[in-house]
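As provided, query-v9.tsv (TSV, C-alpha atoms) reads as follows.
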chain	number	residue	atom	x	y	z
A	1	MET	CA	97.09	78.02	37.99
A	2	GLU	CA	98.20	79.69	41.21
A	3	ILE	CA	96.56	82.97	42.06
A	4	THR	CA	98.15	85.42	44.45
A	5	PRO	CA	95.61	87.35	46.46
A	6	ILE	CA	95.85	91.11	46.33
A	7	VAL	CA	96.55	92.52	49.74
A	8	SER	CA	96.08	96.20	50.34
A	9	LYS	CA	97.13	98.06	53.42
A	10	GLN	CA	94.47	99.29	55.74
A	11	LYS	CA	93.89	103.01	55.36
A	12	TYR	CA	94.91	103.67	58.96
A	13	GLY	CA	98.32	102.11	58.21
A	14	LEU	CA	98.80	104.41	55.25
A	15	VAL	CA	97.74	107.41	57.37
A	16	ALA	CA	100.23	106.38	60.09
A	17	GLU	CA	103.00	106.08	57.49
A	18	GLU	CA	102.17	109.53	56.12
A	19	ILE	CA	102.11	111.16	59.57
A	20	THR	CA	105.44	109.48	60.33
A	21	ARG	CA	106.90	110.77	57.06
A	22	LEU	CA	105.73	114.29	57.86
A	23	ILE	CA	107.36	114.09	61.30
A	24	LYS	CA	110.62	112.89	59.73
A	25	GLU	CA	110.47	115.79	57.29
A	26	ASN	CA	109.87	118.20	60.18
A	27	VAL	CA	106.48	119.29	58.85
A	28	PHE	CA	105.02	118.12	62.17
A	29	LYS	CA	107.68	119.07	64.72
A	30	GLU	CA	108.38	117.30	68.00
A	31	GLY	CA	106.42	118.80	70.87
A	32	THR	CA	103.86	120.52	68.64
A	33	GLN	CA	100.17	119.87	68.28
A	34	LEU	CA	98.98	117.70	65.45
A	35	PRO	CA	96.07	118.98	63.34
A	36	THR	CA	92.66	117.77	64.54
A	37	GLU	CA	91.18	114.46	63.43
A	38	ALA	CA	88.84	116.34	61.12
A	39	GLU	CA	91.71	118.32	59.55
A	40	LEU	CA	93.84	115.18	59.11
A	41	SER	CA	90.85	113.37	57.65
A	42	THR	CA	90.48	116.11	55.04
A	43	MET	CA	94.25	116.30	54.39
A	44	PHE	CA	94.54	112.55	53.75
A	45	ASN	CA	91.11	112.13	52.15
A	46	VAL	CA	90.12	109.34	54.54
A	47	GLY	CA	87.47	108.86	57.20
A	48	ARG	CA	88.00	110.02	60.76
A	49	SER	CA	88.05	106.42	62.00
A	50	SER	CA	91.15	105.76	59.86
A	51	VAL	CA	92.83	108.83	61.35
A	52	ARG	CA	91.78	107.78	64.87
A	53	GLU	CA	93.24	104.27	64.40
A	54	ALA	CA	96.47	105.69	62.97
A	55	ILE	CA	96.82	108.03	65.95
A	56	LYS	CA	96.23	105.16	68.40
A	57	GLY	CA	98.95	103.11	66.73
A	58	LEU	CA	101.39	106.02	66.75
A	59	GLN	CA	100.63	106.63	70.42
A	60	LEU	CA	101.47	103.01	71.21
A	61	ALA	CA	104.77	103.51	69.38
A	62	ASN	CA	105.50	106.65	71.47
A	63	ILE	CA	105.47	108.84	68.37
A	64	LEU	CA	102.35	110.76	69.41
A	65	THR	CA	100.88	111.60	72.82
A	66	ALA	CA	97.35	112.62	73.72
A	67	THR	CA	97.01	115.35	76.31
A	68	ALA	CA	93.69	116.35	77.83
A	69	GLY	CA	92.79	119.83	76.69
A	70	LYS	CA	95.74	120.05	74.27
A	71	GLY	CA	94.82	117.41	71.72
A	72	THR	CA	97.34	115.12	70.10
A	73	LEU	CA	100.98	116.15	70.24
A	74	VAL	CA	104.03	114.91	68.43
A	75	SER	CA	106.12	113.32	71.21
A	76	GLU	CA	109.29	115.09	72.32
A	77	ASN	CA	111.24	111.96	71.32
A	78	ALA	CA	109.20	111.06	68.23
A	79	LEU	CA	112.21	111.01	65.92
A	80	ILE	CA	114.06	108.63	68.24
A	81	ALA	CA	110.99	106.36	68.39
A	82	ILE	CA	110.75	106.43	64.58
A	83	ALA	CA	114.48	105.69	64.22
A	84	ASN	CA	114.14	102.72	66.58
A	85	ILE	CA	111.22	101.36	64.56
A	86	ASP	CA	113.16	101.87	61.32
A	87	LEU	CA	116.18	100.08	62.80
A	88	GLY	CA	113.95	97.21	63.88
A	89	GLU	CA	112.59	96.90	60.35
A	90	VAL	CA	116.12	96.87	58.94
A	91	LEU	CA	117.17	94.17	61.38
A	92	MET	CA	114.17	92.04	60.46
A	93	ASP	CA	114.98	92.28	56.75
A	94	GLY	CA	116.23	88.80	55.90
A	95	THR	CA	118.24	90.02	52.89
A	96	MET	CA	120.83	91.99	54.85
A	97	LEU	CA	123.18	89.25	56.04
A	98	SER	CA	126.34	90.81	54.58
A	99	GLU	CA	125.47	94.26	55.95
A	100	LEU	CA	124.90	92.86	59.44
A	101	VAL	CA	128.26	91.10	59.25
A	102	GLU	CA	129.88	94.42	58.26
A	103	ILE	CA	128.37	96.14	61.30
A	104	ARG	CA	129.65	93.39	63.55
A	105	VAL	CA	133.13	93.57	62.01
A	106	ILE	CA	133.20	97.31	62.74
A	107	LEU	CA	131.75	97.04	66.25
A	108	GLU	CA	133.50	94.02	67.76
A	109	PRO	CA	137.17	95.12	67.69
A	110	SER	CA	136.40	98.30	69.64
A	111	ALA	CA	134.16	96.43	72.05
A	112	ALA	CA	136.89	93.81	72.50
A	113	ALA	CA	139.41	96.53	73.37
A	114	MET	CA	136.98	97.90	75.96
A	115	ALA	CA	136.39	94.38	77.26
A	116	ALA	CA	140.13	93.85	77.71
A	117	LYS	CA	140.16	96.80	80.12
A	118	ARG	CA	136.84	96.19	81.88
A	119	ARG	CA	136.45	92.41	82.00
A	120	THR	CA	136.00	90.47	85.19
A	121	ASP	CA	137.23	86.99	86.06
A	122	GLU	CA	133.67	85.80	85.46
A	123	ASP	CA	133.74	87.28	81.94
A	124	ILE	CA	136.99	85.46	81.15
A	125	LEU	CA	135.55	82.20	82.47
A	126	SER	CA	132.43	82.64	80.33
A	127	MET	CA	134.52	83.17	77.18
A	128	GLN	CA	136.83	80.25	78.04
A	129	ASN	CA	133.85	77.96	78.58
A	130	ALA	CA	132.42	78.92	75.19
A	131	ILE	CA	135.77	78.24	73.50
A	132	GLU	CA	136.20	74.90	75.27
A	133	GLU	CA	132.71	73.82	74.24
A	134	MET	CA	133.56	74.63	70.60
A	135	GLU	CA	136.62	72.36	70.62
A	136	GLY	CA	135.97	69.19	68.67
A	137	VAL	CA	132.46	70.19	67.60
A	138	THR	CA	131.82	69.23	63.99
A	139	ASP	CA	128.12	70.03	63.77
A	140	LYS	CA	128.02	73.37	61.96
A	141	LEU	CA	124.76	74.50	63.54
A	142	LYS	CA	125.97	73.75	67.07
A	143	LEU	CA	129.28	75.47	66.32
A	144	LEU	CA	127.41	78.51	65.03
A	145	ARG	CA	125.38	78.74	68.25
A	146	LEU	CA	128.45	78.29	70.45
A	147	GLY	CA	130.25	80.98	68.44
A	148	HIS	CA	127.32	83.28	69.08
A	149	ARG	CA	127.63	82.55	72.80
A	150	PHE	CA	131.35	83.42	72.74
A	151	HIS	CA	130.80	86.70	70.87
A	152	SER	CA	127.99	87.65	73.26
A	153	ALA	CA	130.27	86.96	76.24
A	154	LEU	CA	133.00	89.08	74.67
A	155	ILE	CA	130.65	91.99	74.04
A	156	GLY	CA	129.17	91.63	77.54
A	157	ALA	CA	132.65	92.06	78.99
A	158	CYS	CA	132.89	95.58	77.54
A	159	LYS	CA	130.31	96.69	80.17
A	160	ASN	CA	128.68	99.23	77.84
A	161	ARG	CA	124.90	98.68	77.89
A	162	ALA	CA	124.29	100.50	74.59
A	163	ILE	CA	126.89	98.43	72.75
A	164	ILE	CA	125.61	95.23	74.34
A	165	GLN	CA	122.00	95.97	73.39
A	166	PHE	CA	122.89	97.01	69.84
A	167	HIS	CA	125.14	93.98	69.39
A	168	ASP	CA	122.46	91.65	70.74
A	169	SER	CA	119.90	92.91	68.26
A	170	ILE	CA	122.33	92.53	65.36
A	171	SER	CA	123.80	89.21	66.41
A	172	LEU	CA	120.43	87.60	67.14
A	173	GLN	CA	119.22	88.50	63.66
A	174	LEU	CA	122.52	87.33	62.20
A	175	LEU	CA	122.24	84.03	64.09
A	176	LYS	CA	118.69	83.47	62.86
A	177	MET	CA	119.68	84.20	59.27
A	178	ARG	CA	122.71	81.89	59.43
A	179	GLU	CA	120.68	79.12	61.10
A	180	LYS	CA	118.11	79.39	58.33
A	181	ASP	CA	120.88	79.20	55.71
A	182	PHE	CA	122.35	76.08	57.35
A	183	LEU	CA	118.98	74.38	57.67
A	184	THR	CA	117.97	75.10	54.08
A	185	SER	CA	121.36	74.24	52.57
A	186	GLU	CA	121.59	70.77	54.14

Would it be possible to restate this file's structure as structure tokens?
Amino acid sequence: MEITPIVSKQKYGLVAEEITRLIKENVFKEGTQLPTEAELSTMFNVGRSSVREAIKGLQLANILTATAGKGTLVSENALIAIANIDLGEVLMDGTMLSELVEIRVILEPSAAAMAAKRRTDEDILSMQNAIEEMEGVTDKLKLLRLGHRFHSALIGACKNRAIIQFHDSISLQLLKMREKDFLTSE
């Protein structure tokens, strides 16, 4: 008989999730002071050490800031920090292969049009090299990696840092998921 151990979240993690939810719902607004540790402890029915640990974690994530004499504040860009964390969690979700492909299908044609206008000779050479390396390759895994290199070169040629960064995060996760599929299906 196989027994699965019961894993419960640490209280500070639950407190951090609740504070984050309250920020998302605009109960705790950006730039405003958070209730004191004692008040939060009472609100969440946990010890002050759990609240303290949650606050430390949220400070590391740039969601909260501690200011001498002012207490703990919700960061001015807390919602952006939360959105970035949420996006990271979505990208790490191994079940979203088709959704990541959809994003790439939407993003790449526009980026390619920008690349056509902004590309350099070096960009063209990089794409040509990737295509030439793909010629005659029969190993699916190697072809997948070379295709990734070509798409990254294409996106890089658009010269838009936000698109490049977003594409990289999506395509790296997509590459990992596809590699895993290839390795497990063989």

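Restricting the calculation to only C-alpha atoms, the smallest distance between Glu99 (chain A) and any of A:Ala157, A:Leu125, A:Val27, A:Leu174 is found for A:Leu174.
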
Quick one: residues within 12 Å of Gly57 (chain A), only C-alpha atoms, excluding same-chain residues fewer than 5 positions away - as a PyMOL selection string?
chain A and resi 12-17+19-20+50-52+62-66

Write out, as a PDB file, in the frame of the given file, the residues just selected, with C-alpha atoms.
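Now in out35.pdb:
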ATOM      1  CA  TYR A  12      94.910 103.670  58.960  1.00  0.00           C
ATOM      2  CA  GLY A  13      98.320 102.110  58.210  1.00  0.00           C
ATOM      3  CA  LEU A  14      98.800 104.410  55.250  1.00  0.00           C
ATOM      4  CA  VAL A  15      97.740 107.410  57.370  1.00  0.00           C
ATOM      5  CA  ALA A  16     100.230 106.380  60.090  1.00  0.00           C
ATOM      6  CA  GLU A  17     103.000 106.080  57.490  1.00  0.00           C
ATOM      7  CA  ILE A  19     102.110 111.160  59.570  1.00  0.00           C
ATOM      8  CA  THR A  20     105.440 109.480  60.330  1.00  0.00           C
ATOM      9  CA  SER A  50      91.150 105.760  59.860  1.00  0.00           C
ATOM     10  CA  VAL A  51      92.830 108.830  61.350  1.00  0.00           C
ATOM     11  CA  ARG A  52      91.780 107.780  64.870  1.00  0.00           C
ATOM     12  CA  ASN A  62     105.500 106.650  71.470  1.00  0.00           C
ATOM     13  CA  ILE A  63     105.470 108.840  68.370  1.00  0.00           C
ATOM     14  CA  LEU A  64     102.350 110.760  69.410  1.00  0.00           C
ATOM     15  CA  THR A  65     100.880 111.600  72.820  1.00  0.00           C
ATOM     16  CA  ALA A  66      97.350 112.620  73.720  1.00  0.00           C
TER      17      ALA A  66
END

Quick one: residues within 12 Å of region 110-113 of chain A, all atoms listed in the file, excluding same-chain residues fewer than 6 positions away - as number ranges by chain?
A: 103-104, 119, 123, 127, 150-164, 166-167

Would you mind reading off the distance between CA of Ala83 (chain A) and CA of Gly71 (chain A), one decimal, in Å?
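Separating CA of Ala83 (chain A) from CA of Gly71 (chain A) is a distance of 24.1 Å.
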
Identify which of the residues A:Leu100, A:Val74, A:Ile131, A:Val105 lies closest to Gln173 (chain A), counting only C-alpha atoms when measuring atom-to-atom distances.
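Of the candidates, the smallest distance to Gln173 (chain A) is held by A:Leu100.
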
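Shortest atom-to-atom contact with Leu146 (chain A) among A:Glu30, A:Glu132, A:Glu25, A:Asp93: A:Glu132, counting all atoms listed in the file.
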
When you draw a straight line from CA of Leu141 (chain A) to CA of Phe182 (chain A), how long is it in Å?
6.8 Å

What is the CA of Lys140 (chain A)-CA of Glu179 (chain A) distance in Å, reported with one decimal?
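Interatomic distance here is 9.4 Å.
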
Please return the centre and edge lengths, in Å to one decimal, of a box with edges along x, y and z that contains all listed atoms of region 128-147 of chain A, widened by 4 Å on every side, as JSON.
{"center_x": 130.8, "center_y": 75.1, "center_z": 70.3, "size_x": 20.1, "size_y": 19.8, "size_z": 24.6}
